[in-house]
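Step one of this worksheet: look at the structure below.
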Amino acid sequence: MSDNRAVVVDPEAPGRLVIRPVADPVPDRGEAVVRVRAVSLNRGEVRRSAMAAAGWRPGWDLAGEVERAAADGSGPRVGARVVGLLPEGAWAKRVAVPTHALAELPDKVTFSQAATFPVAGLTALHALAKGGLLFGRRVLVTGATGGVGDFAVQLARLAGAHVTASARRADQGPALRQLGAHEVVVGDEIPPSPKHNLVIESVGGRTLGTALAALERGAVCVTLGVSAAAEVTFDARQFFVNGRTTLYGFYLFTELGIEPASVGLRRLADLVAEGKLAPHISVERPWGEIGQVAQDLIARRFPAKAVLTLD
Ligand SMILES: NC(=O)c1ccc[n+]([C@@H]2O[C@H](COP(=O)([O-])OP(=O)(O)OC[C@H]3O[C@@H](n4cnc5c(N)ncnc54)[C@H](OP(=O)(O)O)[C@@H]3O)[C@@H](O)[C@H]2O)c1
């Protein structure tokens, strides 16, 4: 008899999410079975949960211990502490994860820290890579107080960039400077100068529209989210006038077809173990509180990441 349980959509429940018994995972040959200890929430999957049919199982980010290694001999051994990413269904006690989406954790990295890496950390890492060598370059991060933004500000600073963080309110400035931002711009409009070499843009609407007028020659604006609005108007002349400017449409799961998640997850884990990167967890609760935490995330009642722990 299985003791597996998972978060599932129940339209009648507060926050539409509840924990229910589910079948044990049946791993493919290239998948390890992981006993999950911590998960984190992302805006995209919580938004989808609000519309999904009853019974859908959300969840991208997980960290835990390998209970059964992959039958094909790939990936971590039984008992290894790991972080992993699934396209859905990660919020469960026990899951099967392809070994290309798993990385072993250094002892110093906690499950809760690791659970923040997959979507938020990998998105920041891969989006920043679109700017090439960042040393001495100007990088603008919008939505800088969010899960992705928090990682992007820290990683851009680590890469030697001059970092500007964009936030909604002036009172968010001190925390962003402490995180590594050299400058903070406040409000939903990006000033036309100074110009930036790379923009990591997740807010959409006015923010994306005005960011497109703040690009240096050869700059890349990576658009990856629409936290405020999906529809954008922009001044095309201001976008192209400096020349060779690019708008890059970013979708994490497409990027991971080029470099498997295991690679970036290990890089993030090593940076945390070395004390160079510090995931910002503002909410850490038992997973039974999923409904409330999901509602708080959508209402933006806390900055950066929320983690749920499993016993
Ligand atoms: N394309 C991809 O592959 C990919 C991957 C990861 C994430 N995403 C998307 O990227 C965005 C950022 O992700 P995240 O996990 O960092 O989200 P998050 O933690 O919810 O952060 C949202 C950020 O946007 C800011 N924001 C500004 N206007 C907002 C508005 N009207 N409503 C809500 N937030 C607003 C928030 O500021 P405050 O702190 O002031 O609320 C915060 O900095 C999301 O839209 C997510 O779906 C896409």
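Starting from 1 in every chain, residues are counted up; chains themselves are A, B, ... following the order of the structure tokens, and ligands are numbered from 1 as listed.
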Problem set entry | DSSP-assigned helix (DSSP H, G or I) among region 58-189 of chain A, expressed as a count of residues only | 43
Problem set entry | For Trp91 (chain A): contacts at 10 Å, only C-alpha atoms, fewer than 4 positions along chain excluded, given as a ChimeraX atom specification | /A:5-8,19,36-41,57-62,86,95,287,290,308,310
Residues from the last selection, N, CA, C and O atoms, saved as a PDB file, in the first residue's frame:
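File produced: part_18.pdb:
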```pdb
ATOM      1  N   ARG A   5       1.788  10.937  -1.223  1.00  0.00           N
ATOM      2  CA  ARG A   5       0.795  12.010  -1.231  1.00  0.00           C
ATOM      3  C   ARG A   5       1.322  13.140  -2.109  1.00  0.00           C
ATOM      4  O   ARG A   5       2.548  13.280  -2.272  1.00  0.00           O
ATOM      5  N   ALA A   6       0.407  13.931  -2.633  1.00  0.00           N
ATOM      6  CA  ALA A   6       0.825  15.023  -3.532  1.00  0.00           C
ATOM      7  C   ALA A   6      -0.136  16.186  -3.403  1.00  0.00           C
ATOM      8  O   ALA A   6      -1.287  16.020  -2.978  1.00  0.00           O
ATOM      9  N   VAL A   7       0.345  17.351  -3.794  1.00  0.00           N
ATOM     10  CA  VAL A   7      -0.526  18.527  -3.907  1.00  0.00           C
ATOM     11  C   VAL A   7      -1.320  18.388  -5.203  1.00  0.00           C
ATOM     12  O   VAL A   7      -0.746  18.145  -6.273  1.00  0.00           O
ATOM     13  N   VAL A   8      -2.642  18.509  -5.096  1.00  0.00           N
ATOM     14  CA  VAL A   8      -3.495  18.432  -6.288  1.00  0.00           C
ATOM     15  C   VAL A   8      -4.468  19.614  -6.285  1.00  0.00           C
ATOM     16  O   VAL A   8      -4.773  20.172  -5.230  1.00  0.00           O
ATOM     17  N   ILE A  19      -3.617  18.474  -0.269  1.00  0.00           N
ATOM     18  CA  ILE A  19      -2.735  17.299  -0.316  1.00  0.00           C
ATOM     19  C   ILE A  19      -3.602  16.047  -0.284  1.00  0.00           C
ATOM     20  O   ILE A  19      -4.468  15.914   0.595  1.00  0.00           O
ATOM     21  N   VAL A  36      11.009  13.505  -1.403  1.00  0.00           N
ATOM     22  CA  VAL A  36      11.080  14.972  -1.404  1.00  0.00           C
ATOM     23  C   VAL A  36      11.053  15.512   0.034  1.00  0.00           C
ATOM     24  O   VAL A  36      10.237  15.076   0.857  1.00  0.00           O
ATOM     25  N   ARG A  37      11.930  16.445   0.313  1.00  0.00           N
ATOM     26  CA  ARG A  37      12.000  17.092   1.643  1.00  0.00           C
ATOM     27  C   ARG A  37      11.596  18.559   1.608  1.00  0.00           C
ATOM     28  O   ARG A  37      11.196  19.116   2.625  1.00  0.00           O
ATOM     29  N   ALA A  38      11.771  19.214   0.470  1.00  0.00           N
ATOM     30  CA  ALA A  38      11.381  20.632   0.359  1.00  0.00           C
ATOM     31  C   ALA A  38      11.031  20.947  -1.094  1.00  0.00           C
ATOM     32  O   ALA A  38      11.606  20.354  -2.015  1.00  0.00           O
ATOM     33  N   VAL A  39      10.074  21.838  -1.262  1.00  0.00           N
ATOM     34  CA  VAL A  39       9.708  22.316  -2.606  1.00  0.00           C
ATOM     35  C   VAL A  39       9.607  23.835  -2.537  1.00  0.00           C
ATOM     36  O   VAL A  39       9.481  24.400  -1.450  1.00  0.00           O
ATOM     37  N   SER A  40       9.673  24.487  -3.706  1.00  0.00           N
ATOM     38  CA  SER A  40       9.371  25.919  -3.685  1.00  0.00           C
ATOM     39  C   SER A  40       8.311  26.228  -4.722  1.00  0.00           C
ATOM     40  O   SER A  40       8.042  25.420  -5.618  1.00  0.00           O
ATOM     41  N   LEU A  41       7.688  27.404  -4.551  1.00  0.00           N
ATOM     42  CA  LEU A  41       6.575  27.800  -5.424  1.00  0.00           C
ATOM     43  C   LEU A  41       7.050  28.842  -6.419  1.00  0.00           C
ATOM     44  O   LEU A  41       7.903  29.665  -6.091  1.00  0.00           O
ATOM     45  N   ARG A  57      -1.747  18.103 -10.983  1.00  0.00           N
ATOM     46  CA  ARG A  57      -0.686  18.128  -9.960  1.00  0.00           C
ATOM     47  C   ARG A  57       0.402  19.118 -10.345  1.00  0.00           C
ATOM     48  O   ARG A  57       1.196  18.845 -11.237  1.00  0.00           O
ATOM     49  N   PRO A  58       0.442  20.283  -9.678  1.00  0.00           N
ATOM     50  CA  PRO A  58       1.469  21.270  -9.997  1.00  0.00           C
ATOM     51  C   PRO A  58       2.814  20.911  -9.340  1.00  0.00           C
ATOM     52  O   PRO A  58       2.895  19.957  -8.560  1.00  0.00           O
ATOM     53  N   GLY A  59       3.818  21.724  -9.623  1.00  0.00           N
ATOM     54  CA  GLY A  59       5.100  21.583  -8.935  1.00  0.00           C
ATOM     55  C   GLY A  59       6.256  21.373  -9.889  1.00  0.00           C
ATOM     56  O   GLY A  59       6.268  20.404 -10.637  1.00  0.00           O
ATOM     57  N   TRP A  60       7.206  22.322  -9.842  1.00  0.00           N
ATOM     58  CA  TRP A  60       8.422  22.238 -10.667  1.00  0.00           C
ATOM     59  C   TRP A  60       9.660  21.933  -9.809  1.00  0.00           C
ATOM     60  O   TRP A  60      10.491  21.128 -10.197  1.00  0.00           O
ATOM     61  N   ASP A  61       9.783  22.618  -8.654  1.00  0.00           N
ATOM     62  CA  ASP A  61      11.044  22.591  -7.882  1.00  0.00           C
ATOM     63  C   ASP A  61      10.985  21.596  -6.739  1.00  0.00           C
ATOM     64  O   ASP A  61      10.025  21.617  -5.949  1.00  0.00           O
ATOM     65  N   LEU A  62      12.030  20.802  -6.578  1.00  0.00           N
ATOM     66  CA  LEU A  62      12.067  19.869  -5.452  1.00  0.00           C
ATOM     67  C   LEU A  62      13.503  19.640  -4.988  1.00  0.00           C
ATOM     68  O   LEU A  62      14.457  19.775  -5.757  1.00  0.00           O
ATOM     69  N   LEU A  86      10.973  19.164 -12.344  1.00  0.00           N
ATOM     70  CA  LEU A  86      10.012  18.400 -13.154  1.00  0.00           C
ATOM     71  C   LEU A  86       9.124  19.374 -13.926  1.00  0.00           C
ATOM     72  O   LEU A  86       8.885  20.494 -13.459  1.00  0.00           O
ATOM     73  N   VAL A  95       8.695  11.263  -5.938  1.00  0.00           N
ATOM     74  CA  VAL A  95       8.545  11.531  -7.375  1.00  0.00           C
ATOM     75  C   VAL A  95       9.661  10.834  -8.152  1.00  0.00           C
ATOM     76  O   VAL A  95      10.730  10.545  -7.605  1.00  0.00           O
ATOM     77  N   TRP A 287       4.247  21.810   4.261  1.00  0.00           N
ATOM     78  CA  TRP A 287       3.527  21.813   2.974  1.00  0.00           C
ATOM     79  C   TRP A 287       2.010  21.766   3.121  1.00  0.00           C
ATOM     80  O   TRP A 287       1.294  22.078   2.170  1.00  0.00           O
ATOM     81  N   ILE A 290       0.041  24.834   1.878  1.00  0.00           N
ATOM     82  CA  ILE A 290       0.201  25.199   0.464  1.00  0.00           C
ATOM     83  C   ILE A 290      -0.853  26.197  -0.019  1.00  0.00           C
ATOM     84  O   ILE A 290      -0.528  27.156  -0.735  1.00  0.00           O
ATOM     85  N   LEU A 308       8.206  25.156   0.953  1.00  0.00           N
ATOM     86  CA  LEU A 308       7.382  24.281   1.789  1.00  0.00           C
ATOM     87  C   LEU A 308       8.198  23.054   2.153  1.00  0.00           C
ATOM     88  O   LEU A 308       8.891  22.489   1.296  1.00  0.00           O
ATOM     89  N   LEU A 310       8.508  19.114   3.730  1.00  0.00           N
ATOM     90  CA  LEU A 310       7.753  17.865   3.888  1.00  0.00           C
ATOM     91  C   LEU A 310       8.410  17.072   5.013  1.00  0.00           C
ATOM     92  O   LEU A 310       9.631  17.097   5.135  1.00  0.00           O
TER      93      LEU A 310
END
```
For this session: Write as JSON, numbers by chain the residues around ligand 1, taking 9 Å as the cut-off and counting only C-alpha atoms and all ligand atoms.
Result: {"A": [41, 42, 43, 44, 45, 46, 47, 119, 120, 121, 122, 123, 124, 142, 143, 144, 145, 146, 147, 148, 149, 150, 151, 166, 167, 168, 169, 172, 187, 188, 201, 202, 203, 204, 205, 207, 223, 224, 225, 226, 227, 228, 229, 249, 250, 251, 252, 253, 254, 255, 297, 298, 299, 300, 301, 302, 303, 304, 305, 306]}
Problem set entry | Residue list (strand (DSSP E), DSSP) for region 113-249 of chain A, as a ChimeraX atom specification | /A:138-141,162-167,183-186,196-201,215-223,246-249
Go ahead and save the residues from that selection, with C-alpha atoms, as a tab-separated table (two decimals), in the first residue's frame.
```tsv
chain	number	residue	atom	x	y	z
A	138	ARG	CA	25.44	47.37	-17.41
A	139	VAL	CA	22.69	44.91	-16.50
A	140	LEU	CA	19.13	45.92	-15.64
A	141	VAL	CA	16.96	43.47	-13.67
A	162	HIS	CA	27.17	47.04	-13.00
A	163	VAL	CA	23.67	46.13	-11.79
A	164	THR	CA	20.54	48.26	-11.82
A	165	ALA	CA	17.51	46.80	-10.08
A	166	SER	CA	14.00	47.97	-10.86
A	167	ALA	CA	11.36	47.83	-8.11
A	183	GLU	CA	21.51	51.37	-8.49
A	184	VAL	CA	17.76	51.10	-7.97
A	185	VAL	CA	15.06	52.59	-10.19
A	186	VAL	CA	11.55	52.88	-8.76
A	196	HIS	CA	22.00	48.94	-20.56
A	197	ASN	CA	23.86	46.09	-22.27
A	198	LEU	CA	21.49	43.43	-20.94
A	199	VAL	CA	17.97	43.64	-19.52
A	200	ILE	CA	16.36	40.75	-17.64
A	201	GLU	CA	12.68	41.67	-17.94
A	215	LEU	CA	19.31	49.65	-24.67
A	216	GLU	CA	22.95	50.25	-25.57
A	217	ARG	CA	24.18	49.34	-29.08
A	218	GLY	CA	24.25	45.54	-29.39
A	219	ALA	CA	22.21	45.07	-26.20
A	220	VAL	CA	19.87	42.17	-25.51
A	221	CYS	CA	16.55	42.48	-23.69
A	222	VAL	CA	15.45	39.08	-22.41
A	223	THR	CA	11.68	39.00	-21.94
A	246	THR	CA	17.73	42.27	-29.73
A	247	LEU	CA	14.54	41.22	-27.96
A	248	TYR	CA	14.95	37.61	-26.84
A	249	GLY	CA	11.91	35.49	-25.92
```
Exercise. With distances taken over only C-alpha atoms, which of A:Leu85, A:Val109, A:Val78, A:Ala71 is nearest to Gly275 (chain A)?
Worked result: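 That would be A:Val109, the residue with the smallest distance to Gly275 (chain A).
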Problem set entry | 7 Å contact set for region 154-160 of chain A, only C-alpha atoms, chain neighbours under 4 positions out, as a list in words | Leu134, Phe135, Gly136, Asp150, Leu179, Gly180 and Leu277 of chain A
Problem set entry | Using only C-alpha atoms: which of A:Ala181, A:Leu176, A:Ala63, A:Ala90 has the shortest distance to Ala269 (chain A) |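 Going through A:Ala181, A:Leu176, A:Ala63, A:Ala90 one by one, the smallest distance to Ala269 (chain A) is for A:Ala63.
Distance-wise, CA of Arg177 (chain A) and CA of Pro106 (chain A) end up 28.3 Å apart.
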Exercise. Looking at only C-alpha atoms, which of A:Ile258, A:Val283, A:Leu17, A:Ala214 is the one that sits closest to Arg237 (chain A)?
Worked result: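 The shortest atom-to-atom distance to Arg237 (chain A) comes from A:Ala214.
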For this session: For each of A:Pro21, A:Gly73, A:Gly79, A:Pro192, take the minimum atom-to-atom distance to Lys93 (chain A), counting only C-alpha atoms, then give the residue where this is smallest.
Result: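 Under the stated criterion, the closest residue is A:Pro21.
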Exercise. Which polymer residues have any atom within 8 Å of an atom of Val34 (chain A), counting only C-alpha atoms, with same-chain residues fewer than 5 positions away left out, as JSON, numbers by chain?
Worked result: {"A": [64, 65, 66, 67, 68, 94, 95, 96, 97]}
